[in-house]
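Take a look at the structure set out below.
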Amino acid sequence: MIVALAGGVGGAKLASGLAEVLPPEELAVVVNTGDDFSHLGLRISPDLDTMMYTLAGLASRELGWGIEGESWNFMRALERLGGETWFRLGDQDLATNVERTRRLAAGETLSAITADLSRRLGVRHLIIPMTDHPVRTIVVTDEGALGFQEYFVRRRCRPRLLAIEYAGAAEASPPGELTKILESRQFEALIICPSNPYLSIAPILAVPGLRSRLQALKAPKIAVTPIVAGRAVKGPAAKIMRELGRESSALEVARHYGGFVDGFVLDAQDRQLKAPIEALGQKVLAVNTVMESSADRAALARATLQFAAETALLRSSGR
C-alpha cells in the first residue's frame with residue numbers, strides 16, 4: 001500500500017498519476033480537509049471534491065478544479081437574488097455539496113460519504129479525509145484572522161499573512177480506514193504530493209498522533225516539491241513563504257519537512273540545490289515535476305515510486 005498526502009490541484013495531479021500506475025488496492029490518498037467550510041448552508045470540501053473529480057476524470061482541464069463542461073445556472077440565479085457569489089459552485093458541483101450536507105446531517109461520517117461518492121463517480125482508488133472531525137485552517141493576517149476560503153478565494157491572498165492556525169485539530173483523530181492502513185504490514189511508502197506545505201500538508205500532520213505514527217513507520221517517506229525555480233507551480237505557497245520570513249525555494253521546503261522525510265523529489269531546473277538538500281540528510285531525485293499532461297503525471301508518479309523503492313533498499317542496507 002502506498003499512501004499519499006495531498007491537497008489542492010498539484011496534489012490531485014500527482015495522485016492521478018499514481019492512480020494511473022498503481023492498482024486500486026495499492027493506493028490510498030489522504031486529503032486535507034482544513035479548507036472545508038460552511039457556505040450557503042452547505043458543507044463544502046474543496047480539496048476532497050478536487051481529488052474526486054480528478055481521479056474520476058471529470059475535473060476541468062482549464063481550472064484544475066470543478067467539473068469539465070460545468071453549467072452555472074445556480075450562480076446566475078443566486079446573483080439575481082443578491083446572494084453571495086464569491087465562492088463559485090457549478091450546478092453539478094452543487095449537487096455533490098447538497099448530498100454531502102444532507103448525509104452529514106443524517107449522522108454519516110465524512111469518510112463514509114467520501115468513499116460512497118467516489119464510488120458513484122467511478123473512482124476506483126481510496127480517497128480518505130484526514131479526519132472525520134471539523135478542522136478549519138485560519139489565516140492570521142495584518143487585517144485580522146480569516147477563514148481559509150475567505151483569505152484564498154474572496155480576498156485572493158491579498159492580506160499579508162502572519163501565522164496559520166488549525167482550529168479543531170487538537171480534538172481530531174484519523175478515520176478508522178486510515179488507522180487500519182497505518183497498522184498494516186503492507187505499508188510500503190508515504191508520498192507527500194506537491195501540495196502547499198503550510199495550507200495542505202500541515203493540517204493533515206496536525207491531526208494528533210498522525211505525524212508521529214507516520215514518522216515511526218519504517219517505510220520510506222518521500223516529498224515532492226511544490227516550488228520550482230523559486231515559484232509555486234500553482235497557488236500562494238511562494239507568497240506565504242516570503243511573508244513567514246522564509247526564502248521561496250525547494251531547499252526551504254526540504255528544510256520545512258526536515259527529518260520527517262527520507263527523500264526529496266526536486267525539479268530538474270533546481271538541480272543546483274541537490275547538494276544542499278542532501279546535506280539535510282535527505283536523498284534527492286532531480287526530475288521534471290511540472291505536470292502539464294497526463295503523461296507528465298504518470299512519469300512523475302513512476303519516478304517517485306522508483307525513488308521510494310531505491311530509498312527503502314538503501315535504508316535496509318544501512319546506507
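Residue numbering restarts at 1 in every chain; chains get A, B, ... in the order shown in the C-alpha cells, and ligands count up from 1 in that same order.
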
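With only C-alpha atoms taken into account, the protein and nucleic acid residues at most 9 Å from Ala219 in chain A (excluding it and anything under 2 positions from it in its own chain) are Phe187, Glu188, Ala189, Leu190, Leu214, Ala216, Leu217, Lys221, Ala308 and Ala312 of chain A.
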
Next, dump the selected residues to file, keeping only C-alpha atoms, as a short mmCIF file (atom, residue, chain, number, x, y, z; two decimals), in the first residue's frame.
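Below is the file part.cif, written as the result:
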data_model
loop_
_atom_site.label_atom_id
_atom_site.label_comp_id
_atom_site.auth_asym_id
_atom_site.auth_seq_id
_atom_site.Cartn_x
_atom_site.Cartn_y
_atom_site.Cartn_z
CA PHE A 187 2.51 -0.15 4.15
CA GLU A 188 5.29 0.42 1.59
CA ALA A 189 5.82 4.18 1.25
CA LEU A 190 4.46 7.60 2.09
CA LEU A 214 3.91 8.13 10.19
CA ALA A 216 7.70 5.77 13.28
CA LEU A 217 6.98 3.72 10.15
CA LYS A 221 8.76 8.93 3.21
CA ALA A 308 10.91 5.38 -2.89
CA ALA A 312 13.92 1.66 1.01
#

> Rounded to one decimal in Å, what is the spacing between CA of Leu89 in chain A and CA of Gly147 in chain A?
Replying inline: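 One can read the CA of Leu89 in chain A to CA of Gly147 in chain A distance as 18.1 Å.
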
Please, which residues of range 20-255 of chain A, numbered as in this document, come out alpha helix (DSSP H) from DSSP, as a compact mmCIF listing (two decimals) with C-alpha atoms, in the first residue's frame?
# COMPACT_ATOMS: atom_id res chain seq x y z
CA GLU A 20 -2.71 5.52 -13.31
CA VAL A 21 0.28 3.33 -12.44
CA PRO A 46 -12.95 21.77 -1.88
CA ASP A 47 -9.88 19.53 -1.70
CA LEU A 48 -11.90 16.33 -1.40
CA ASP A 49 -14.00 17.33 -4.40
CA THR A 50 -10.97 18.30 -6.48
CA MET A 51 -9.46 14.89 -5.71
CA MET A 52 -12.67 13.01 -6.52
CA TYR A 53 -13.26 14.86 -9.78
CA THR A 54 -9.61 14.47 -10.84
CA LEU A 55 -9.43 10.74 -10.17
CA ASN A 73 -27.37 28.43 -13.76
CA PHE A 74 -27.47 28.31 -9.97
CA MET A 75 -24.84 31.02 -9.58
CA ARG A 76 -26.56 33.29 -12.10
CA ALA A 77 -29.89 32.87 -10.32
CA LEU A 78 -28.23 33.46 -6.94
CA GLU A 79 -26.63 36.66 -8.24
CA ARG A 80 -30.03 37.95 -9.45
CA ASP A 91 -24.57 23.12 -10.97
CA GLN A 92 -23.06 19.60 -10.87
CA ASP A 93 -20.67 20.55 -8.07
CA LEU A 94 -23.64 21.95 -6.14
CA ALA A 95 -25.27 18.52 -6.23
CA THR A 96 -22.16 16.98 -4.60
CA ASN A 97 -22.24 19.51 -1.79
CA VAL A 98 -26.00 19.25 -1.23
CA GLU A 99 -25.76 15.46 -0.95
CA ARG A 100 -22.73 15.64 1.38
CA THR A 101 -24.51 18.15 3.64
CA ARG A 102 -27.68 16.04 3.76
CA ARG A 103 -25.80 12.90 4.70
CA LEU A 104 -23.66 14.61 7.35
CA ALA A 105 -26.85 15.98 8.93
CA LEU A 110 -17.27 12.38 6.14
CA SER A 111 -15.04 9.39 5.32
CA ALA A 112 -18.03 7.10 4.64
CA ILE A 113 -19.69 9.73 2.48
CA THR A 114 -16.47 10.37 0.56
CA ALA A 115 -15.99 6.66 -0.13
CA ASP A 116 -19.55 6.31 -1.45
CA LEU A 117 -19.50 9.49 -3.57
CA SER A 118 -16.14 8.46 -5.03
CA ARG A 119 -17.51 5.04 -5.97
CA ARG A 120 -20.56 6.60 -7.62
CA PHE A 148 -9.01 29.91 4.60
CA GLN A 149 -11.58 30.33 1.82
CA GLY A 176 -10.70 4.23 11.04
CA GLU A 177 -9.74 3.28 7.47
CA LEU A 178 -6.52 5.28 7.71
CA THR A 179 -5.70 3.79 11.11
CA LYS A 180 -6.06 0.29 9.66
CA ILE A 181 -3.68 1.14 6.83
CA LEU A 182 -1.09 2.59 9.21
CA GLU A 183 -1.22 -0.58 11.27
CA ALA A 202 0.46 20.78 7.67
CA PRO A 203 -3.25 20.44 8.58
CA ILE A 204 -3.04 16.69 7.88
CA LEU A 205 0.04 16.30 10.06
CA LEU A 210 -0.69 11.13 12.87
CA ARG A 211 2.72 12.70 12.29
CA SER A 212 4.39 10.59 15.00
CA ARG A 213 2.79 7.39 13.71
CA LEU A 214 3.91 8.13 10.19
CA GLN A 215 7.40 9.03 11.36
CA ALA A 216 7.70 5.77 13.28
CA ALA A 237 2.96 28.91 -1.42
CA ALA A 238 5.77 31.25 -2.53
CA LYS A 239 3.97 34.34 -1.16
CA ILE A 240 3.32 32.61 2.14
CA MET A 241 6.92 31.52 2.49
CA ARG A 242 8.17 35.07 1.93
CA GLU A 243 5.68 36.53 4.40
CA ALA A 250 12.66 23.99 -2.93
CA LEU A 251 15.50 23.99 -0.39
CA GLU A 252 13.25 25.75 2.12
CA VAL A 253 10.52 23.17 1.52
CA ALA A 254 13.07 20.44 2.22
CA ARG A 255 14.05 22.24 5.43

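Distance check against Asn196 in chain A using only C-alpha atoms: of A:Leu244, A:Ala163, A:Ala301, A:Ala232, the minimum falls on A:Ala232.
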
>> Which residue is closest to Gly168 in chain A? Choose from A:Thr33, A:Thr141, A:Ser60, A:Ser195 and count only C-alpha atoms.
In response: A:Thr33

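By only C-alpha atoms, and with residues fewer than 3 positions from Gly230 in chain A along its chain excluded, the set lying at most 6 Å from it is A:Ile227, A:Ser248, A:Ser249.
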
Output C-alpha atoms for every residue in that selection, as a PDB file, in the first residue's frame.
ATOM      1  CA  ILE A 227       8.284  25.078  -5.681  1.00  0.00           C
ATOM      2  CA  SER A 248      10.836  30.818  -1.653  1.00  0.00           C
ATOM      3  CA  SER A 249      12.760  27.766  -2.773  1.00  0.00           C
TER       4      SER A 249
END

> DSSP says strand (DSSP E) for which residues of range 48-270 of chain A? Put them as number ranges by chain?
Replying inline: A: 126-129, 136-141, 144-147, 161-167, 189-192, 221-224, 227-228, 231-232, 263-267

Requested write-out: C-alpha atoms of the selected residues, as a PDB file, in the first residue's frame:
ATOM      1  CA  LEU A 126      -9.287   5.010  -1.989  1.00  0.00           C
ATOM      2  CA  ILE A 127      -9.754   8.669  -1.014  1.00  0.00           C
ATOM      3  CA  ILE A 128      -9.688   9.294   2.747  1.00  0.00           C
ATOM      4  CA  PRO A 129     -10.353  12.626   4.504  1.00  0.00           C
ATOM      5  CA  ARG A 136     -10.501  24.704   9.981  1.00  0.00           C
ATOM      6  CA  THR A 137      -7.380  26.432   8.682  1.00  0.00           C
ATOM      7  CA  ILE A 138      -7.338  30.000   9.989  1.00  0.00           C
ATOM      8  CA  VAL A 139      -5.023  32.517   8.330  1.00  0.00           C
ATOM      9  CA  VAL A 140      -3.890  35.253  10.708  1.00  0.00           C
ATOM     10  CA  THR A 141      -3.205  38.385   8.620  1.00  0.00           C
ATOM     11  CA  GLY A 144      -7.228  40.061  11.196  1.00  0.00           C
ATOM     12  CA  ALA A 145      -7.953  36.326  11.325  1.00  0.00           C
ATOM     13  CA  LEU A 146      -9.624  34.925   8.202  1.00  0.00           C
ATOM     14  CA  GLY A 147     -11.037  31.531   7.355  1.00  0.00           C
ATOM     15  CA  LEU A 161      -0.017  36.515   6.245  1.00  0.00           C
ATOM     16  CA  LEU A 162       1.369  36.497   9.778  1.00  0.00           C
ATOM     17  CA  ALA A 163       0.588  32.997  11.030  1.00  0.00           C
ATOM     18  CA  ILE A 164      -1.532  29.919  10.319  1.00  0.00           C
ATOM     19  CA  GLU A 165      -3.674  28.036  12.823  1.00  0.00           C
ATOM     20  CA  TYR A 166      -5.563  24.758  12.521  1.00  0.00           C
ATOM     21  CA  ALA A 167      -8.670  25.222  14.650  1.00  0.00           C
ATOM     22  CA  ALA A 189       5.816   4.180   1.246  1.00  0.00           C
ATOM     23  CA  LEU A 190       4.458   7.604   2.087  1.00  0.00           C
ATOM     24  CA  ILE A 191       4.379  10.159  -0.729  1.00  0.00           C
ATOM     25  CA  ILE A 192       3.864  13.835   0.115  1.00  0.00           C
ATOM     26  CA  LYS A 221       8.756   8.931   3.214  1.00  0.00           C
ATOM     27  CA  ILE A 222       9.215  10.983   0.051  1.00  0.00           C
ATOM     28  CA  ALA A 223       8.214  14.640  -0.510  1.00  0.00           C
ATOM     29  CA  VAL A 224       7.727  16.151  -3.973  1.00  0.00           C
ATOM     30  CA  ILE A 227       8.284  25.078  -5.681  1.00  0.00           C
ATOM     31  CA  VAL A 228      10.145  25.226  -8.994  1.00  0.00           C
ATOM     32  CA  ARG A 231       7.978  29.978  -7.753  1.00  0.00           C
ATOM     33  CA  ALA A 232       4.934  27.966  -6.786  1.00  0.00           C
ATOM     34  CA  GLY A 263      13.827  11.608   0.249  1.00  0.00           C
ATOM     35  CA  PHE A 264      13.019  14.740  -1.706  1.00  0.00           C
ATOM     36  CA  VAL A 265      11.984  14.998  -5.354  1.00  0.00           C
ATOM     37  CA  LEU A 266      13.459  18.160  -6.822  1.00  0.00           C
ATOM     38  CA  ASP A 267      12.645  19.700 -10.188  1.00  0.00           C
TER      39      ASP A 267
END

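The residue that comes closest to Pro175 in chain A, out of A:Arg124, A:Ala303, A:Phe87, A:Val30 and on the basis of only C-alpha atoms, is A:Val30.
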
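Distance check against Ala56 in chain A using only C-alpha atoms: of A:Pro208, A:Gly245, A:Gly7, A:Gly122, the minimum falls on A:Gly122.
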
>> Counting only C-alpha atoms, which residue out of A:Pro134, A:Gly281, A:Pro276, A:Pro226 sits closest to Val9 in chain A?
In response: A:Pro226

>> Taking only C-alpha atoms into account, name the residue in A:Lys283, A:Thr225, A:Ala19, A:Asp132 that is nearest to Gly107 in chain A.
In response: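 Closest residue, counting only C-alpha atoms: A:Asp132.
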